[in-house]
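Q: Have a look at the structure that comes next, please.
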Amino acid sequence: MEKIKFEELGISEEVLKSLSKLGFENPSDVQSMVIPVALQDKDIIVKAQTGSGKTAAFAIPFCEKIELEERKPQALVLAPTRELALQVKQDITDIGRFKRIRAVAIFGKQPMSGQKIELKQRVHVIVGTPGRTFDHIERGNIDLSGIKYLVIDEADEMLNMGFIDQVESIIRLLPKKRITMLFSATIEDKIEKLCNKHMIDPVKIEVTPKSITTDDVEQIYYEVEYNKKSDLLKKIIYTEVPESSIIFCNTKETVNGLIQNMKDQGHSCDALHGGMEQKDRLSAMERFKRGEFRFLVATDVAARGISVDGISHVINYDVPKEKESYVHRIGRTGRAGNKGKSITFITPTEYKYLDMIQDYIDFRIPRGEIPSKEKIEEGKKLYEEKIKVKPKLKVNKNAQLNKEITKIHINAGKKKKIRALDIVGTIISIEDITAEDIGIIDIQEGFSYVDILHGKGYLVLEALKDKTIKGKRVRVQRASK
């Protein structure tokens with residue numbers, strides 16, 4: 001059967017342009033099923049695995065339906081983790097770039113004050129973790145009266161993390177007249193009750209894969225004594241020679257111990273877990289996405305919703321205690337038509353977890369033989385040759401999109417009473433520049449950022465050297481961020 005195209009879904013030229021530059025070709029199953037229903041403003045319950053392309057399934061309708069000039073937030077997305085909130089915010093921003101959709105991400109372990117400043121500007125979409133979102137609502141930093149769309153993303157993970165009650169507390173404060181979309185890999189009783197209570201005649205959409213785990217991921221496990229795991233990992237690295245790998249541990253203590261061990265052995269690696277400072281988590285994730293190091297040693301904060309191209313191996317250094325976590329972990333590899341491999345370490349006392357996982361995925365994972373000394377020595381030479389070659393850094397998926405966009409920094413903001421209208425008025429007075437060439441405007445206390453579209457950034461930067469904004473001389477330069 002011929003695949004449907006984005007053009008057939010009634011999507012605007014601006015969004016189609018963004019999708020094309022982001023490398024989207026045809027809609028995924030979840031996108032082709034959800035987008036037409038969402039554009040009809042119906043409540044939706046979507047049962048789909050992580051990695052199915054569900055963010056675009058709700059982001060595209062947002063970008064089509066949001067009223068650009070409305071100052072109050074119109075859409076709220078609740079996500080279980082900081083990493084997912086940031087990724088969803090970035091995806092919405094990228095898809096809505098030429099529509100000038102402004103999204104912000106709010107989450108814990110970041111100052112409330114900075115987030116409050118962002119929320120007081122014109123924001124179309126708020127993406128937040130439940131706890132921090134509720135905190136902002138209680139403090140009056142979010143005006144909920146204009147919310148027309150609510151998305152509950154990864155609802156099953158919200159349930160596992162104990163967030164569902166907090167989600168319900170937020171829902172009770174939202175306008176009754178709104179569209180609600182819920183996305184979940186599984187629909188358990190508590191989630192079903194939430195839907196029945198807060199949704200009106202929802203359309204139920206289920207994207208059923210042929211199997212819970214993809215055929216593109218080869219799965220294998222090794223039995224190993226607990227105190228010999230690091231030794232086995234070394235053998236696996238030398239014999240598998242991964243291009244890029246996430247090594248999953250169950251606790252941050254294990255991550256910290258293993259990362260030190262691997263660095264001592266000279267491996268190119270970094271850590272990611274919930275106990276790290278947010279800026280360090282973001283830095284590790286971005287550097288891993290670019291391919292600056294080979295091994296990311298992480299807890300399950302990296303298991304859900306995180307999209308990184310080219311991960312060849314997932315290694316479960318610790319077997320997950322929850323069957324769903326296994327599926328989410330190994331779903332980081334074997335993506336976008338590429339093959340991947342999942343390797344799980346099982347201690348002699350942990351077979352109950354392996355049995356639980358195998359029953360859940362309806363597949364008997366084969367047991368691997370510990371590599372021979374000859375294979376290890378042979379692989380070690382190959383690995384050592386490989387790591388001598390400087391890695392070719394990956395290009396972000398939005399690089400093509402950003403080619404035509406220049407972000408400029410203006411050294412004037414709210415303190416000088418600069419408004420978006422003032423900035424627009426000055427920029428459109430430049431020859432060959434129209435309002436259509438101006439993207440998102442972000443006004444902070446002492447400075448402002450402006451996106452200039454259609455490759456016209458150089459014209460604006462040059463012309464603003466001799467112009468004033470609201471009668472004030474300003475310094476303008478290409479933004480570093």
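Following the order of the structure tokens, chains are lettered A, B, ..., residues in each are numbered from 1, and ligands are numbered from 1.
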Counting only C-alpha atoms, what is within 7 Å of Ile220 of chain A, bar same-chain residues fewer than 5 positions away, as a ChimeraX atom specification?

A: /A:342-344,365-368

Q: Just list the residues in segment 25-166 of chain A DSSP gives strand (DSSP E or B) on the backbone, as an MDAnalysis selection string.

A: chainID A and resid 44:47 75:78 103:106 125:128 149:152

Q: Hey, can you spit out that residue selection with all heavy atoms as a compact mmCIF listing (two decimals), in the first residue's frame?

A:
```txt
# COMPACT_ATOMS: atom_id res chain seq x y z
N ILE A 44 -7.99 12.67 22.01
CA ILE A 44 -7.36 11.47 21.44
C ILE A 44 -6.59 10.71 22.52
O ILE A 44 -5.85 11.32 23.31
CB ILE A 44 -6.38 11.82 20.29
CG1 ILE A 44 -7.04 12.73 19.26
CG2 ILE A 44 -5.85 10.55 19.61
CD1 ILE A 44 -6.07 13.25 18.21
N ILE A 45 -6.73 9.39 22.53
CA ILE A 45 -5.88 8.51 23.34
C ILE A 45 -5.05 7.70 22.36
O ILE A 45 -5.60 6.99 21.50
CB ILE A 45 -6.73 7.55 24.21
CG1 ILE A 45 -7.62 8.34 25.17
CG2 ILE A 45 -5.82 6.59 24.98
CD1 ILE A 45 -8.66 7.48 25.88
N VAL A 46 -3.73 7.82 22.46
CA VAL A 46 -2.84 7.14 21.51
C VAL A 46 -1.98 6.13 22.26
O VAL A 46 -1.24 6.49 23.18
CB VAL A 46 -1.94 8.15 20.77
CG1 VAL A 46 -1.08 7.42 19.74
CG2 VAL A 46 -2.77 9.23 20.10
N LYS A 47 -2.10 4.89 21.86
CA LYS A 47 -1.24 3.84 22.41
C LYS A 47 -0.16 3.54 21.36
O LYS A 47 -0.46 3.03 20.28
CB LYS A 47 -2.05 2.57 22.71
CG LYS A 47 -1.24 1.48 23.39
CD LYS A 47 -2.11 0.26 23.69
CE LYS A 47 -1.28 -0.87 24.29
NZ LYS A 47 -2.09 -2.08 24.50
N ALA A 75 -1.08 26.01 24.52
CA ALA A 75 -0.88 24.57 24.59
C ALA A 75 0.05 24.23 25.75
O ALA A 75 1.02 24.95 26.01
CB ALA A 75 -0.30 24.03 23.28
N LEU A 76 -0.28 23.15 26.44
CA LEU A 76 0.55 22.66 27.55
C LEU A 76 0.86 21.19 27.31
O LEU A 76 -0.04 20.38 27.08
CB LEU A 76 -0.22 22.81 28.86
CG LEU A 76 0.44 22.22 30.12
CD1 LEU A 76 1.76 22.90 30.43
CD2 LEU A 76 -0.50 22.30 31.33
N VAL A 77 2.14 20.86 27.33
CA VAL A 77 2.59 19.48 27.18
C VAL A 77 3.25 19.07 28.50
O VAL A 77 4.18 19.74 28.97
CB VAL A 77 3.61 19.32 26.03
CG1 VAL A 77 4.02 17.85 25.88
CG2 VAL A 77 3.05 19.84 24.72
N LEU A 78 2.77 17.99 29.09
CA LEU A 78 3.37 17.46 30.31
C LEU A 78 4.23 16.25 29.97
O LEU A 78 3.75 15.32 29.32
CB LEU A 78 2.29 17.09 31.32
CG LEU A 78 1.43 18.27 31.83
CD1 LEU A 78 0.31 17.77 32.72
CD2 LEU A 78 2.28 19.31 32.57
N ALA A 103 7.99 28.11 21.92
CA ALA A 103 7.79 27.11 22.97
C ALA A 103 8.86 27.29 24.04
O ALA A 103 9.99 27.69 23.73
CB ALA A 103 7.86 25.70 22.38
N VAL A 104 8.51 27.00 25.29
CA VAL A 104 9.50 27.02 26.37
C VAL A 104 9.41 25.70 27.14
O VAL A 104 8.36 25.07 27.18
CB VAL A 104 9.30 28.21 27.36
CG1 VAL A 104 9.42 29.52 26.65
CG2 VAL A 104 7.98 28.10 28.09
N ALA A 105 10.54 25.31 27.73
CA ALA A 105 10.57 24.10 28.56
C ALA A 105 10.81 24.53 30.01
O ALA A 105 11.68 25.36 30.28
CB ALA A 105 11.68 23.17 28.10
N ILE A 106 10.02 23.97 30.92
CA ILE A 106 10.20 24.27 32.35
C ILE A 106 10.33 22.96 33.13
O ILE A 106 9.57 22.02 32.91
CB ILE A 106 9.05 25.15 32.91
CG1 ILE A 106 7.68 24.52 32.65
CG2 ILE A 106 9.11 26.55 32.33
CD1 ILE A 106 6.52 25.25 33.30
N VAL A 125 3.48 27.66 23.48
CA VAL A 125 3.46 26.29 24.00
C VAL A 125 4.38 26.18 25.21
O VAL A 125 5.54 26.59 25.15
CB VAL A 125 3.91 25.27 22.92
CG1 VAL A 125 3.78 23.84 23.45
CG2 VAL A 125 3.13 25.43 21.63
N ILE A 126 3.87 25.61 26.29
CA ILE A 126 4.68 25.31 27.48
C ILE A 126 4.87 23.80 27.54
O ILE A 126 3.89 23.04 27.48
CB ILE A 126 4.00 25.79 28.77
CG1 ILE A 126 3.86 27.32 28.75
CG2 ILE A 126 4.79 25.35 29.99
CD1 ILE A 126 3.01 27.87 29.88
N VAL A 127 6.12 23.37 27.65
CA VAL A 127 6.43 21.95 27.83
C VAL A 127 7.08 21.82 29.20
O VAL A 127 8.12 22.45 29.46
CB VAL A 127 7.39 21.41 26.75
CG1 VAL A 127 7.55 19.90 26.88
CG2 VAL A 127 6.90 21.78 25.35
N GLY A 128 6.48 21.04 30.09
CA GLY A 128 7.03 21.00 31.43
C GLY A 128 6.88 19.67 32.13
O GLY A 128 6.02 18.85 31.77
N TYR A 149 -5.12 23.33 24.28
CA TYR A 149 -4.62 21.99 24.01
C TYR A 149 -3.78 21.50 25.18
O TYR A 149 -2.91 22.22 25.68
CB TYR A 149 -3.74 21.97 22.73
CG TYR A 149 -4.46 22.49 21.52
CD1 TYR A 149 -4.32 23.82 21.13
CD2 TYR A 149 -5.30 21.66 20.78
CE1 TYR A 149 -5.00 24.32 20.03
CE2 TYR A 149 -5.99 22.15 19.68
CZ TYR A 149 -5.83 23.48 19.32
OH TYR A 149 -6.52 23.97 18.23
N LEU A 150 -4.04 20.28 25.61
CA LEU A 150 -3.24 19.62 26.63
C LEU A 150 -2.74 18.30 26.07
O LEU A 150 -3.52 17.52 25.52
CB LEU A 150 -4.08 19.34 27.89
CG LEU A 150 -3.43 18.39 28.92
CD1 LEU A 150 -2.21 19.04 29.57
CD2 LEU A 150 -4.44 17.95 29.97
N VAL A 151 -1.44 18.06 26.20
CA VAL A 151 -0.86 16.76 25.82
C VAL A 151 -0.22 16.14 27.06
O VAL A 151 0.58 16.79 27.74
CB VAL A 151 0.20 16.90 24.70
CG1 VAL A 151 0.95 15.59 24.50
CG2 VAL A 151 -0.46 17.33 23.39
N ILE A 152 -0.59 14.91 27.35
CA ILE A 152 0.06 14.14 28.41
C ILE A 152 0.94 13.11 27.70
O ILE A 152 0.45 12.17 27.09
CB ILE A 152 -0.97 13.44 29.32
CG1 ILE A 152 -1.94 14.49 29.91
CG2 ILE A 152 -0.28 12.66 30.43
CD1 ILE A 152 -3.19 13.89 30.52
```

Q: What are the nearest atom pairs, with distances in Å to one decimal, for all residues of segment 107-172 of chain A that come at most 12 Å from segment 412-423 of chain A, using only C-alpha atoms, set out by chain and rising residue number as a Markdown table?

A:
```
| residue | atom | partner | partner_atom | distance |
| --- | --- | --- | --- | --- |
| A:Ile117 | CA | A:Lys414 | CA | 10.4 |
| A:Lys120 | CA | A:Lys414 | CA | 11.5 |
| A:Gln121 | CA | A:Ala420 | CA | 10.1 |
| A:Arg122 | CA | A:Ala420 | CA | 9.8 |
```

Q: Write the selection just made, keeping N, CA, C and O atoms, as a PDB file, in the first residue's frame?

A:
```pdb
ATOM      1  N   ILE A 117      10.632  34.670  33.897  1.00  0.00           N
ATOM      2  CA  ILE A 117      10.829  35.715  32.887  1.00  0.00           C
ATOM      3  C   ILE A 117      10.373  35.223  31.514  1.00  0.00           C
ATOM      4  O   ILE A 117       9.680  35.923  30.778  1.00  0.00           O
ATOM      5  N   LYS A 120       6.572  35.049  31.212  1.00  0.00           N
ATOM      6  CA  LYS A 120       5.871  36.332  31.165  1.00  0.00           C
ATOM      7  C   LYS A 120       5.874  36.937  29.757  1.00  0.00           C
ATOM      8  O   LYS A 120       5.192  37.915  29.496  1.00  0.00           O
ATOM      9  N   GLN A 121       6.674  36.368  28.857  1.00  0.00           N
ATOM     10  CA  GLN A 121       6.657  36.835  27.476  1.00  0.00           C
ATOM     11  C   GLN A 121       5.548  36.120  26.710  1.00  0.00           C
ATOM     12  O   GLN A 121       4.856  35.271  27.245  1.00  0.00           O
ATOM     13  N   ARG A 122       5.420  36.458  25.432  1.00  0.00           N
ATOM     14  CA  ARG A 122       4.442  35.742  24.615  1.00  0.00           C
ATOM     15  C   ARG A 122       4.968  34.333  24.358  1.00  0.00           C
ATOM     16  O   ARG A 122       5.971  34.146  23.686  1.00  0.00           O
TER      17      ARG A 122
END
```

Q: So which one's closest to Lys323 of chain A, A:Ile361, A:Lys456, A:Pro36, A:Lys99? Using only C-alpha atoms, please.

A: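 Ranked by minimum distance to Lys323 of chain A, first place goes to A:Ile361.
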
Q: With distances taken over only C-alpha atoms, which of A:Asp41, A:Glu225, A:Glu7, A:Glu240 is nearest to Ser20 of chain A?

A: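 Among A:Asp41, A:Glu225, A:Glu7, A:Glu240, it is A:Glu7 that comes nearest to Ser20 of chain A.
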
Q: Counting only C-alpha atoms, figure out which residue out of A:Ile438, A:Leu258, A:Met181, A:Leu382 gets nearest to Ala57 of chain A.

A: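 Checking each candidate against Ala57 of chain A, we get A:Met181 as the closest.
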
Q: Of the candidates A:Lys467, A:Lys42, A:Arg132, A:Lys234, which one gets nearest to Val203 of chain A if we count only C-alpha atoms?

A: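 Closest residue, counting only C-alpha atoms: A:Lys42.
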
Q: Go ahead and compute the interatomic distance for atom CA of His198 of chain A and atom CA of Phe62 of chain A, in Å to one decimal.

A: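 Those two atoms sit 20.0 Å apart.
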
Q: Taking into account only C-alpha atoms, which residue in the set A:Ile452, A:Ile259, A:Ala302, A:Ile246 is nearest to Val314 of chain A?

A: A:Ile246

Q: Apply DSSP to the backbone of this structure and, from segment 92-337 of chain A, keep only the residues in alpha helix (DSSP H); write these as a PyMOL selection string.

A: chain A and resi 92-95+112-119+130-138+155-160+164-173+189-198+229-240+252-264+278-290+323-330

Q: With only C-alpha atoms as the counted atoms, please give the residues lying no more than 7 Å from Pro175 of chain A, apart from itself and same-chain residues fewer than 2 positions off, as a PyMOL selection string.

A: chain A and resi 145+147+173+177-178

Q: Would you export the selected residues with C-alpha atoms as a PDB file, in the first residue's frame, please?

A:
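Once everything was written out, this is part37.pdb:
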```
ATOM      1  CA  SER A 145      -7.124  30.692  30.842  1.00  0.00           C
ATOM      2  CA  ILE A 147      -5.000  26.798  27.164  1.00  0.00           C
ATOM      3  CA  LEU A 173      -7.082  23.883  36.915  1.00  0.00           C
ATOM      4  CA  LYS A 177     -13.223  23.630  26.973  1.00  0.00           C
ATOM      5  CA  ARG A 178      -9.969  22.263  25.575  1.00  0.00           C
TER       6      ARG A 178
END
```
